[in-house]
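Structure below is work18.cif: mmCIF, C-alpha atoms and all ligand atoms.
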data_entry
#
loop_
_atom_site.label_atom_id
_atom_site.label_comp_id
_atom_site.auth_asym_id
_atom_site.auth_seq_id
_atom_site.Cartn_x
_atom_site.Cartn_y
_atom_site.Cartn_z
CA MET A 29 96.67 71.68 96.41
CA LYS A 30 93.78 73.80 95.15
CA ALA A 31 94.50 76.48 92.52
CA ASN A 32 94.24 79.90 94.12
CA VAL A 33 94.86 83.50 93.08
CA LEU A 34 96.33 84.42 96.49
CA MET A 35 100.12 84.72 96.45
CA SER A 36 100.23 83.86 100.16
CA GLN A 37 98.74 80.46 99.39
CA MET A 38 100.91 79.68 96.34
CA THR A 39 104.13 77.74 96.15
CA TRP A 40 107.01 79.71 94.71
CA THR A 41 106.97 77.49 91.65
CA ASP A 42 103.29 78.16 90.98
CA TYR A 43 103.91 81.90 91.48
CA GLN A 44 106.88 81.80 89.10
CA ARG A 45 104.85 79.94 86.47
CA ARG A 46 102.18 82.64 86.63
CA VAL A 47 104.73 85.46 86.49
CA LEU A 48 106.41 83.89 83.45
CA ALA A 49 102.96 83.63 81.82
CA GLY A 50 102.70 87.43 82.22
CA GLN A 51 100.02 87.55 84.90
CA PRO A 52 99.69 90.93 86.63
CA VAL A 53 100.07 91.32 90.40
CA LEU A 54 97.25 93.08 92.24
CA ILE A 55 97.86 94.42 95.75
CA ALA A 56 95.42 96.03 98.15
CA ILE A 57 96.67 98.78 100.44
CA GLY A 58 94.44 99.58 103.38
CA ALA A 59 94.52 100.80 106.95
CA MET A 60 93.96 99.79 110.56
CA GLU A 61 91.43 102.50 111.24
CA GLN A 62 88.31 102.90 113.35
CA HIS A 63 85.19 102.34 111.30
CA GLY A 64 82.59 103.20 113.93
CA PRO A 65 81.52 101.13 116.95
CA HIS A 66 79.69 98.77 114.56
CA MET A 67 82.48 97.48 112.28
CA THR A 68 85.92 95.91 112.25
CA MET A 69 88.91 98.25 111.89
CA ALA A 70 90.10 96.30 108.82
CA VAL A 71 87.43 97.63 106.42
CA ASP A 72 89.86 99.63 104.25
CA THR A 73 91.96 96.51 103.72
CA MET A 74 89.17 93.94 103.40
CA ILE A 75 87.14 95.70 100.71
CA PRO A 76 89.98 96.25 98.17
CA GLN A 77 91.37 92.78 98.97
CA ALA A 78 87.97 91.22 98.12
CA ILE A 79 87.80 93.30 94.91
CA CYS A 80 91.36 92.25 93.94
CA THR A 81 90.52 88.59 94.53
CA ALA A 82 87.36 88.73 92.42
CA VAL A 83 89.13 90.66 89.65
CA ALA A 84 92.05 88.20 89.65
CA GLU A 85 89.65 85.30 89.21
CA ILE A 86 88.08 87.04 86.21
CA ILE A 87 91.22 88.21 84.39
CA GLY A 88 93.84 85.72 85.63
CA ALA A 89 96.11 87.59 88.05
CA ILE A 90 98.06 87.11 91.27
CA VAL A 91 96.82 88.80 94.47
CA ALA A 92 99.70 89.75 96.75
CA ALA A 93 99.16 89.85 100.51
CA PRO A 94 97.54 93.20 101.36
CA LEU A 95 99.14 96.00 103.33
CA PRO A 96 96.96 96.22 106.47
CA TYR A 97 98.29 99.60 107.71
CA GLY A 98 98.10 102.99 106.02
CA TYR A 99 98.77 106.69 106.37
CA LYS A 100 97.36 108.66 109.34
CA SER A 101 93.60 108.98 109.39
CA GLN A 102 92.44 112.55 108.77
CA PRO A 103 89.43 114.04 110.57
CA ARG A 104 87.55 115.08 107.44
CA SER A 105 87.98 111.75 105.64
CA GLY A 106 88.45 109.06 108.31
CA GLY A 107 87.57 110.69 111.62
CA GLY A 108 91.19 111.39 112.52
CA ASN A 109 94.11 109.58 114.06
CA GLN A 110 93.05 110.18 117.68
CA PHE A 111 90.82 107.11 117.98
CA CYS A 112 92.03 104.22 120.10
CA GLY A 113 92.84 101.38 117.71
CA THR A 114 93.58 103.47 114.63
CA ALA A 115 97.21 102.49 114.01
CA SER A 116 98.94 104.42 111.24
CA LEU A 117 102.29 104.73 109.52
CA ASP A 118 104.41 107.81 108.95
CA ALA A 119 104.48 108.89 105.31
CA ALA A 120 108.11 107.85 104.84
CA THR A 121 107.41 104.37 106.24
CA LEU A 122 104.37 103.80 104.04
CA THR A 123 106.16 105.09 100.94
CA ALA A 124 109.17 102.88 101.66
CA LEU A 125 107.01 99.78 102.21
CA ILE A 126 105.11 100.19 98.95
CA LYS A 127 108.28 101.05 97.03
CA ASP A 128 110.07 97.94 98.38
CA LEU A 129 107.17 95.69 97.39
CA LEU A 130 106.95 97.15 93.87
CA LYS A 131 110.70 96.57 93.40
CA GLU A 132 110.45 93.01 94.72
CA PHE A 133 107.64 92.09 92.32
CA ALA A 134 109.65 93.69 89.49
CA ARG A 135 112.71 91.63 90.52
CA HIS A 136 110.55 88.50 90.18
CA GLY A 137 109.82 89.51 86.61
CA VAL A 138 106.36 91.01 87.14
CA ARG A 139 105.82 93.91 84.72
CA ARG A 140 102.20 94.84 85.47
CA ILE A 141 101.22 95.78 89.02
CA ALA A 142 97.90 97.28 90.13
CA ILE A 143 97.59 98.94 93.53
CA PHE A 144 94.04 98.93 94.87
CA ASP A 145 93.73 101.61 97.53
CA GLY A 146 91.05 101.24 100.20
CA HIS A 147 92.08 104.23 102.34
CA TYR A 148 91.80 107.75 100.94
CA GLU A 149 94.78 109.07 102.94
CA ASN A 150 97.21 106.65 101.24
CA ALA A 151 96.90 108.12 97.77
CA MET A 152 99.81 110.54 97.49
CA PHE A 153 102.21 108.23 99.32
CA ALA A 154 101.35 105.36 96.98
CA ILE A 155 101.99 107.72 94.06
CA GLU A 156 105.34 108.73 95.58
CA ALA A 157 106.27 105.05 96.04
CA ILE A 158 105.38 104.28 92.41
CA ASP A 159 107.46 107.23 91.22
CA LEU A 160 110.51 106.29 93.33
CA ALA A 161 110.31 102.58 92.44
CA MET A 162 110.02 103.30 88.72
CA ARG A 163 112.92 105.76 88.85
CA GLU A 164 115.20 103.31 90.65
CA LEU A 165 114.14 100.43 88.40
CA LEU A 166 114.94 102.55 85.36
CA TRP A 167 118.48 103.01 86.71
CA GLU A 168 118.62 99.19 86.99
CA GLY A 169 117.54 98.81 83.36
CA VAL A 170 113.87 97.91 83.91
CA ARG A 171 112.01 99.98 81.34
CA ASP A 172 108.79 98.06 80.82
CA LEU A 173 107.11 98.13 84.25
CA ARG A 174 103.57 99.47 84.25
CA VAL A 175 101.77 100.33 87.50
CA LEU A 176 98.11 101.20 87.97
CA ARG A 177 96.66 102.88 91.04
CA VAL A 178 92.94 102.41 91.63
CA SER A 179 90.71 104.08 94.22
CA TYR A 180 87.88 101.56 93.96
CA TRP A 181 85.10 103.92 95.14
CA GLU A 182 85.66 106.14 92.10
CA HIS A 183 84.23 103.32 89.98
CA ILE A 184 80.70 103.65 91.33
CA GLN A 185 78.23 104.02 88.48
CA PRO A 186 75.40 106.63 88.50
CA GLU A 187 72.71 103.92 88.69
CA THR A 188 74.44 102.39 91.75
CA VAL A 189 74.62 105.83 93.45
CA ALA A 190 70.89 106.28 92.81
CA ALA A 191 70.05 102.85 94.26
CA VAL A 192 72.33 103.11 97.33
CA PHE A 193 71.67 106.76 98.19
CA PRO A 194 68.01 107.42 97.33
CA ASP A 195 68.04 110.45 99.71
CA GLY A 196 71.13 112.02 98.10
CA PHE A 197 74.83 111.25 98.12
CA PRO A 198 76.76 113.02 100.94
CA GLY A 199 80.14 112.83 99.12
CA TRP A 200 82.95 110.33 99.68
CA PRO A 201 84.68 111.95 102.70
CA LEU A 202 81.49 111.91 104.81
CA GLU A 203 80.85 108.34 103.72
CA HIS A 204 83.56 107.07 106.11
CA ALA A 205 82.18 104.04 108.06
CA SER A 206 78.74 104.98 106.75
CA ILE A 207 76.27 103.55 104.23
CA MET A 208 78.70 102.50 101.49
CA GLU A 209 81.39 100.76 103.55
CA THR A 210 78.84 99.29 106.00
CA SER A 211 76.76 97.85 103.14
CA VAL A 212 79.78 96.30 101.42
CA MET A 213 80.93 94.75 104.71
CA LEU A 214 77.40 93.40 105.38
CA HIS A 215 77.73 91.69 102.01
CA LEU A 216 81.32 90.46 102.44
CA ASP A 217 81.37 89.42 106.12
CA PRO A 218 78.24 90.20 108.17
CA ASP A 219 79.85 88.65 111.27
CA LEU A 220 82.16 91.68 111.41
CA VAL A 221 79.27 94.18 111.51
CA ASP A 222 76.91 94.89 114.43
CA MET A 223 74.06 97.12 113.25
CA SER A 224 72.73 97.44 116.83
CA GLN A 225 75.71 99.76 117.51
CA ASP A 226 74.13 102.79 115.85
CA TRP A 227 75.13 105.86 117.89
CA ALA A 228 73.36 108.21 115.46
CA ASP A 229 75.72 111.11 116.28
CA GLY A 230 76.34 112.25 112.70
CA PRO A 231 76.54 113.68 110.20
CA ALA A 232 79.77 115.58 110.87
CA GLN A 233 79.68 119.33 110.20
CA PHE A 234 83.20 120.17 109.08
CA PRO A 235 84.49 123.63 108.12
CA LEU A 236 86.28 123.86 104.78
CA PHE A 237 89.71 123.86 106.44
CA ASP A 238 91.77 121.66 108.76
CA VAL A 239 92.61 122.68 112.34
CA TYR A 240 95.68 121.39 114.25
CA PRO A 241 95.41 120.24 116.96
CA LEU A 242 91.93 118.88 116.41
CA PRO A 243 89.39 120.92 118.42
CA PRO A 244 87.16 118.92 120.81
CA GLY A 245 83.78 117.98 119.36
CA HIS A 246 84.99 118.29 115.78
CA VAL A 247 84.34 114.64 114.92
CA PRO A 248 81.28 112.56 115.94
CA PRO A 249 82.39 110.42 118.94
CA SER A 250 81.31 107.22 117.15
CA GLY A 251 83.72 107.85 114.26
CA VAL A 252 80.87 107.43 111.78
CA LEU A 253 80.98 110.61 109.70
CA SER A 254 77.49 110.34 108.21
CA THR A 255 75.05 107.54 109.11
CA ILE A 256 74.75 103.77 108.96
CA ARG A 257 70.97 103.93 108.62
CA GLY A 258 70.00 102.65 105.21
CA ALA A 259 72.98 100.29 104.91
CA SER A 260 72.10 96.75 103.82
CA ALA A 261 73.70 93.59 102.49
CA GLN A 262 71.59 93.97 99.36
CA LYS A 263 73.09 97.40 98.66
CA GLY A 264 76.50 95.94 99.50
CA LYS A 265 76.09 93.23 96.86
CA LEU A 266 75.10 95.82 94.27
CA LEU A 267 78.11 98.01 95.18
CA PHE A 268 80.56 95.13 95.25
CA GLU A 269 79.44 93.75 91.89
CA ASN A 270 79.69 97.27 90.43
CA TYR A 271 83.22 97.72 91.81
CA VAL A 272 84.43 94.32 90.58
CA GLU A 273 83.04 94.79 87.09
CA GLU A 274 84.51 98.28 86.72
CA ALA A 275 87.84 97.35 88.34
CA ALA A 276 88.25 94.40 85.97
CA LYS A 277 87.57 96.76 83.05
CA ALA A 278 90.08 99.28 84.43
CA VAL A 279 92.84 96.69 84.82
CA ARG A 280 92.23 95.33 81.32
CA GLU A 281 92.26 98.84 79.88
CA GLY A 282 95.24 100.03 81.91
CA PHE A 283 97.33 97.01 81.00
CA ALA A 284 95.89 96.64 77.47
CA ILE A 285 95.06 92.96 78.10
ZN ZN B 301 87.15 103.17 105.25
#
Show this structure as structure tokens.
Amino acid sequence: MKANVLMSQMTWTDYQRRVLAGQPVLIAIGAMEQHGPHMTMAVDTMIPQAICTAVAEIIGAIVAAPLPYGYKSQPRSGGGNQFCGTASLDAATLTALIKDLLKEFARHGVRRIAIFDGHYENAMFAIEAIDLAMRELLWEGVRDLRVLRVSYWEHIQPETVAAVFPDGFPGWPLEHASIMETSVMLHLDPDLVDMSQDWADGPAQFPLFDVYPLPPGHVPPSGVLSTIRGASAQKGKLLFENYVEEAAKAVREGFAI
């Protein structure tokens, strides 16, 4: 049996040996969300999962199976929840799922857990889950659990921004299914990207407020909030290597290892 950082491919004895050696657990939380007509709906899970796997190989960590569903897509960050295929969880469900997993890893003896978020809308519910899990664990006498939460895209370095967005950076919300995510996916798994499906109906022009229900025509029909033109596997490699390097640093710093 080949050594592997993926928990789903470990025996329980191998997992236990790693936990007893003090290895952290890294878990990606993502979404099943439209990412334009040109890409798989698993982008928000696949990118942080790939980062977790690379980081675990560098620092010696366990990668738990990712959470492939997330909180409801919002129009101004993910195009909205109205797209066919986007399959989301209620806040209470997502919070409960993450909380349960944190408590299970803690029960195994894990004391350092890093959550890698690939879907902007998950953030506050992951934070709520961390808070609830830590509070309940404290009541159970667990005082030494440390949890990190990482939004990988925040780790982009200025020189990477300059190389990937030579015409100017549109901001993370409008980047949904656009140059950054498309480039990283072209690097990670080009078979899941079809660059011929460029509807060129962006960029979105959003007001600085949310409207419920969503007015017609608010979101580009493709679900791409900016553009996929200019995305490339070469940019994806640059971005991915940047994310892995910075995420490894963050985990080492956050866990003081
Ligand atoms: Zn995404």
ask   = Near Asn109 of chain A, within 9 Å and counting all atoms listed in the file, which residues show up once chain neighbours fewer than 6 positions away are dropped, as a list in words?
value =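 With the cut-off at 9 Å, the set is Glu61, Gln62, Lys100, Ser101, Gln102, Pro103, Ala115 and Ser116 of chain A.
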Written file, previous selection with C-alpha atoms, as a PDB file, keeping the file's coordinate frame:
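New file part.pdb:
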ATOM      1  CA  GLU A  61      91.430 102.500 111.240  1.00  0.00           C
ATOM      2  CA  GLN A  62      88.310 102.900 113.350  1.00  0.00           C
ATOM      3  CA  LYS A 100      97.360 108.660 109.340  1.00  0.00           C
ATOM      4  CA  SER A 101      93.600 108.980 109.390  1.00  0.00           C
ATOM      5  CA  GLN A 102      92.440 112.550 108.770  1.00  0.00           C
ATOM      6  CA  PRO A 103      89.430 114.040 110.570  1.00  0.00           C
ATOM      7  CA  ALA A 115      97.210 102.490 114.010  1.00  0.00           C
ATOM      8  CA  SER A 116      98.940 104.420 111.240  1.00  0.00           C
TER       9      SER A 116
END
Sorted by chain and rising residue number, which residues of segment 121-182 of chain A lie within 7 Å of segment 67-84 of chain A, and what are their closest atom pairs and distances in Å to one decimal, counting all atoms listed in the file, as JSON lines?
{"residue": "A:Phe144", "atom": "CA", "partner": "A:Pro76", "partner_atom": "CA", "distance": 5.9}
{"residue": "A:Asp145", "atom": "CA", "partner": "A:Pro76", "partner_atom": "CA", "distance": 6.6}
{"residue": "A:Gly146", "atom": "CA", "partner": "A:Asp72", "partner_atom": "CA", "distance": 4.5}
{"residue": "A:His147", "atom": "CA", "partner": "A:Asp72", "partner_atom": "CA", "distance": 5.5}
message = Using all atoms listed in the file, which protein or nucleic acid residues come within 12 Å of Pro243 of chain A? Drop anything in the same chain fewer than 3 positions from it, and give the result as a ChimeraX atom specification.
response = /A:103,108,110,234-235,238-240,246-248
ask   = If we count all atoms listed in the file, what is near Lys265 of chain A at a cut-off of 8 Å, once residues fewer than 4 positions away on the same chain are taken out, given as a list in words?
value =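 Contacts, with the query itself left out: Ser211, Val212, His215, Ala261 and Glu269 of chain A.
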inquiry  = I'd like the neighbourhood of Glu187 of chain A as a list of chain:residue names, where a residue qualifies if any of its atoms comes within 12 Å (using all atoms listed in the file), though same-chain residues fewer than 3 positions away should be ignored.
reply    =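 Returned residues: A:His183, A:Ile184, A:Ala190, A:Ala191, A:Val192, A:Phe193, A:Pro194, A:Lys263, A:Leu266, A:Leu267, A:Asn270.
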ask   = Pick the closest to Ile207 of chain A from A:Ala59, A:Arg171, A:Leu253, A:Pro241: which is it, counting only C-alpha atoms?
value = A:Leu253
message = List the spatial neighbours of Leu122 of chain A as a list in words - criterion: any atom at most 12 Å away, all atoms listed in the file, same-chain residues fewer than 3 positions off excluded.
response =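 So the residues in contact are Ile57, Gly58, Ala59, Leu95, Pro96, Tyr97, Gly98, Tyr99, Lys100, Ser116, Leu117, Asp118, Ala119, Leu125, Ile126, Lys127, Asp128, Leu129, Glu149, Asn150, Ala151, Met152, Phe153, Ala154, Ile155, Glu156, Ala157 and Ile158 of chain A.
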Please reconstruct the missing atoms of segment 220-231 of chain A (target: all heavy atoms) and return them as a compact mmCIF listing (two decimals), in the frame of the given file.
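Contents of out_2.txt, freshly written:
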# COMPACT_ATOMS: atom_id res chain seq x y z
N LEU A 220 81.29 90.60 110.96
CA LEU A 220 82.16 91.68 111.41
C LEU A 220 81.43 93.03 111.51
O LEU A 220 82.05 94.07 111.63
CB LEU A 220 83.37 91.81 110.47
CG LEU A 220 84.30 90.58 110.45
CD1 LEU A 220 85.43 90.77 109.45
CD2 LEU A 220 84.87 90.31 111.84
N VAL A 221 80.10 92.97 111.42
CA VAL A 221 79.27 94.18 111.51
C VAL A 221 78.18 93.96 112.56
O VAL A 221 77.56 92.91 112.58
CB VAL A 221 78.60 94.50 110.14
CG1 VAL A 221 77.89 95.85 110.20
CG2 VAL A 221 79.61 94.49 109.00
N ASP A 222 77.97 94.98 113.42
CA ASP A 222 76.91 94.89 114.43
C ASP A 222 76.01 96.12 114.28
O ASP A 222 76.32 97.19 114.82
CB ASP A 222 77.53 94.81 115.83
CG ASP A 222 76.47 94.79 116.92
OD1 ASP A 222 75.26 94.80 116.60
OD2 ASP A 222 76.86 94.78 118.10
N MET A 223 74.92 95.97 113.55
CA MET A 223 74.06 97.12 113.25
C MET A 223 73.32 97.65 114.48
O MET A 223 72.73 98.72 114.42
CB MET A 223 73.06 96.76 112.13
CG MET A 223 73.70 96.55 110.77
SD MET A 223 74.57 98.01 110.15
CE MET A 223 73.21 99.03 109.57
N SER A 224 73.37 96.92 115.60
CA SER A 224 72.73 97.44 116.83
C SER A 224 73.56 98.58 117.42
O SER A 224 73.08 99.35 118.25
CB SER A 224 72.54 96.33 117.85
OG SER A 224 73.78 95.97 118.43
N GLN A 225 74.83 98.69 117.00
CA GLN A 225 75.71 99.76 117.51
C GLN A 225 75.57 101.02 116.64
O GLN A 225 76.52 101.45 116.00
CB GLN A 225 77.16 99.28 117.53
CG GLN A 225 77.45 98.24 118.58
CD GLN A 225 77.23 98.78 120.00
OE1 GLN A 225 77.66 99.88 120.33
NE2 GLN A 225 76.54 98.02 120.83
N ASP A 226 74.38 101.58 116.63
CA ASP A 226 74.13 102.79 115.85
C ASP A 226 74.03 103.97 116.82
O ASP A 226 73.02 104.15 117.48
CB ASP A 226 72.82 102.63 115.06
CG ASP A 226 72.45 103.89 114.29
OD1 ASP A 226 73.29 104.81 114.23
OD2 ASP A 226 71.33 103.95 113.77
N TRP A 227 75.11 104.75 116.92
CA TRP A 227 75.13 105.86 117.89
C TRP A 227 74.39 107.10 117.37
O TRP A 227 74.12 108.02 118.12
CB TRP A 227 76.57 106.25 118.27
CG TRP A 227 77.31 105.20 119.04
CD1 TRP A 227 76.93 103.89 119.23
CD2 TRP A 227 78.53 105.37 119.77
NE1 TRP A 227 77.85 103.23 120.01
CE2 TRP A 227 78.85 104.12 120.36
CE3 TRP A 227 79.39 106.46 119.97
CZ2 TRP A 227 79.99 103.93 121.13
CZ3 TRP A 227 80.53 106.27 120.74
CH2 TRP A 227 80.82 105.02 121.32
N ALA A 228 74.14 107.12 116.07
CA ALA A 228 73.36 108.21 115.46
C ALA A 228 73.86 109.60 115.89
O ALA A 228 73.06 110.46 116.25
CB ALA A 228 71.88 108.03 115.79
N ASP A 229 75.17 109.81 115.87
CA ASP A 229 75.72 111.11 116.28
C ASP A 229 76.25 111.93 115.10
O ASP A 229 76.94 112.92 115.27
CB ASP A 229 76.81 110.93 117.35
CG ASP A 229 77.93 110.00 116.90
OD1 ASP A 229 77.86 109.50 115.75
OD2 ASP A 229 78.86 109.75 117.68
N GLY A 230 75.92 111.51 113.89
CA GLY A 230 76.34 112.25 112.70
C GLY A 230 75.15 112.98 112.10
O GLY A 230 74.08 112.98 112.69
N PRO A 231 75.29 113.58 110.94
CA PRO A 231 76.54 113.68 110.20
C PRO A 231 77.47 114.75 110.77
O PRO A 231 77.04 115.67 111.44
CB PRO A 231 76.07 114.07 108.79
CG PRO A 231 74.80 114.80 109.00
CD PRO A 231 74.16 114.22 110.23
